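Below you'll find the structure, written out as structure tokens, and then a few comments.
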Amino acid sequence: MRLIALEVNGFKSFADPQKLSFPVGMTAVVGPNGCGKSNISDALAWVLGEQRATLLRGAEMADVIFAGTGQRKPMGMAEVKLTLEMPDPGHPGSVREVVISRRLYRDTGSEYRINGRECRLKDVSDLLMDTGMGTRAYSFIQQGQIDLILSSKPKDRRSLLEEAAGITRYKLRRTDAERR
Ligand code: ATP
Ligand code: MG
């Protein structure tokens, strides 16, 4: 599982379309205060389906749409596209590229797409399950979260380990089967 590229358009401070590429290895984002570094990680969380506006540092979801500046009008839509390299379930041992995208117009809900085809948020969550990449998984560690993990209840901490071990999918299937 690897990030390949992130495209933002009208998301927070990114009024113009921008494409960020993540080469193999580690990527660090540097820049002066307020230049938009955290907006990049917000864009990542958002495209993966984050529903909590406060976690994206806004009051409501529409706050992710470019709100305008003295020189520029606000925009009506935010879009983020993420290209990932994932294991290919059809060909064990090989990988495939998947593009997940999310769009939000003012006053309407979000639209999600996987490889250009419109889908539900649940399809995005299902695709990411057990990869560690979901919005509630461990691939986003925010400031103060390490403390939270160390002080969390054993059951909550266990769910992180289960996600890392890739067994969340099977647990959910079992709960589903037991309910029927
Ligand atoms: P620091 O080094 O202080 O953490 P940073 O590089 O992480 O800074 P961000 O928090 O990513 O900076 O970006 C903050 C900037 O994004 C602010 O200037 C803010 O006005 C702008 N911004 C946030 N939301 C929007 C929006 N919806 N429309 C326009 N600009 C926005
Ligand atoms: Mg920041």
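Naming works like this for the structure tokens: A, B, ... for the chains as they're shown, residue 1 at the start of each chain, ligands 1 onward in shown order.
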From the DSSP assignment of the backbone, select every residue of segment 16-149 of chain A that is strand (DSSP E or B), and format the answer as JSON, numbers by chain.
{"A": [18, 19, 20, 21, 65, 77, 78, 79, 80, 81, 82, 83, 84, 85, 86, 87, 95, 96, 97, 98, 99, 100, 101, 102, 103, 104, 105, 110, 111, 112, 113, 114, 117, 118, 119]}
Write out as an MDAnalysis selection string which residues come within 12 Å of Gly25 of chain A when counting only C-alpha atoms, dropping same-chain ones fewer than 5 positions away.
chainID A and resid 2:4
Write a file of the selected residues as a PDB file, in the first residue's frame, keeping C-alpha atoms.
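Output contents, as saved in part-v3.pdb:
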```pdb
ATOM      1  CA  ARG A   2       1.538   3.302  -1.067  1.00  0.00           C
ATOM      2  CA  LEU A   3       0.474   6.872  -1.767  1.00  0.00           C
ATOM      3  CA  ILE A   4       1.304   7.885  -5.324  1.00  0.00           C
TER       4      ILE A   4
END
```
Nearest to Met77 of chain A, chosen from A:Asp123, A:Asp16, A:Glu118, A:Asp42, with only C-alpha atoms counted in the distances
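Of A:Asp123, A:Asp16, A:Glu118, A:Asp42, the one nearest Met77 of chain A is A:Asp16, counting only C-alpha atoms.
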Environment of ligand 1 within 7 Å, counting only C-alpha atoms and all ligand atoms, reported as a PyMOL selection string
chain A and resi 11-13+31-40+63-69
Shell around Arg113 of chain A at 10 Å using only C-alpha atoms, local window under 3 positions removed, as number ranges by chain:
A: 47, 81, 99-103, 116-121, 123-124
Residue with smallest distance to Lys73 of chain A - pool A:Gly10, A:Ile114, A:Leu128, A:Met133, counting only C-alpha atoms
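Answer, going by the shortest atom-to-atom distance: A:Gly10.
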All alpha helix (DSSP H) positions in chain A, as number ranges by chain
A: 37-47, 121-128, 145-151, 154-165, 168-179
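Our summary of the geometry notes that atom CA of Ala165 of chain A is positioned 29.6 Å from atom CA of Leu20 of chain A.
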Which residue is closest to ligand 2? Choose from A:Gln143, A:Thr131, A:Ser125, A:Thr108 and count only C-alpha atoms and all ligand atoms.
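Among the listed residues, A:Gln143 lies closest to ligand 2.
Atom to atom, atom CA of Tyr105 of chain A and atom CA of Ala78 of chain A stand 6.7 Å apart.
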I'd like to know which of A:Pro23, A:Lys122, A:Arg52, A:Gln142 is closest to ligand 2, using only C-alpha atoms and all ligand atoms.
A:Gln142
Report the distance between atom CA of Glu7 of chain A and atom CA of Gly70 of chain A in Å, rounded to one decimal place.
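The value is 24.5 Å.
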At a cut-off of 12 Å, using only C-alpha atoms, what residues contact Leu161 of chain A? Leave out same-chain residues fewer than 4 positions from it and give the result as a list in words.
Asp130, Thr131, Gly132, Ala137, Tyr138, Ile149, Pro154, Lys155, Asp156, Arg157, Ala165, Gly166, Ile167 and Thr168 of chain A
Nearest candidate to ligand 2 (options A:Ser94, A:Ser159, A:Ser41, A:Thr54; using only C-alpha atoms and all ligand atoms):
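Nearest candidate to ligand 2 out of A:Ser94, A:Ser159, A:Ser41, A:Thr54: A:Ser41.
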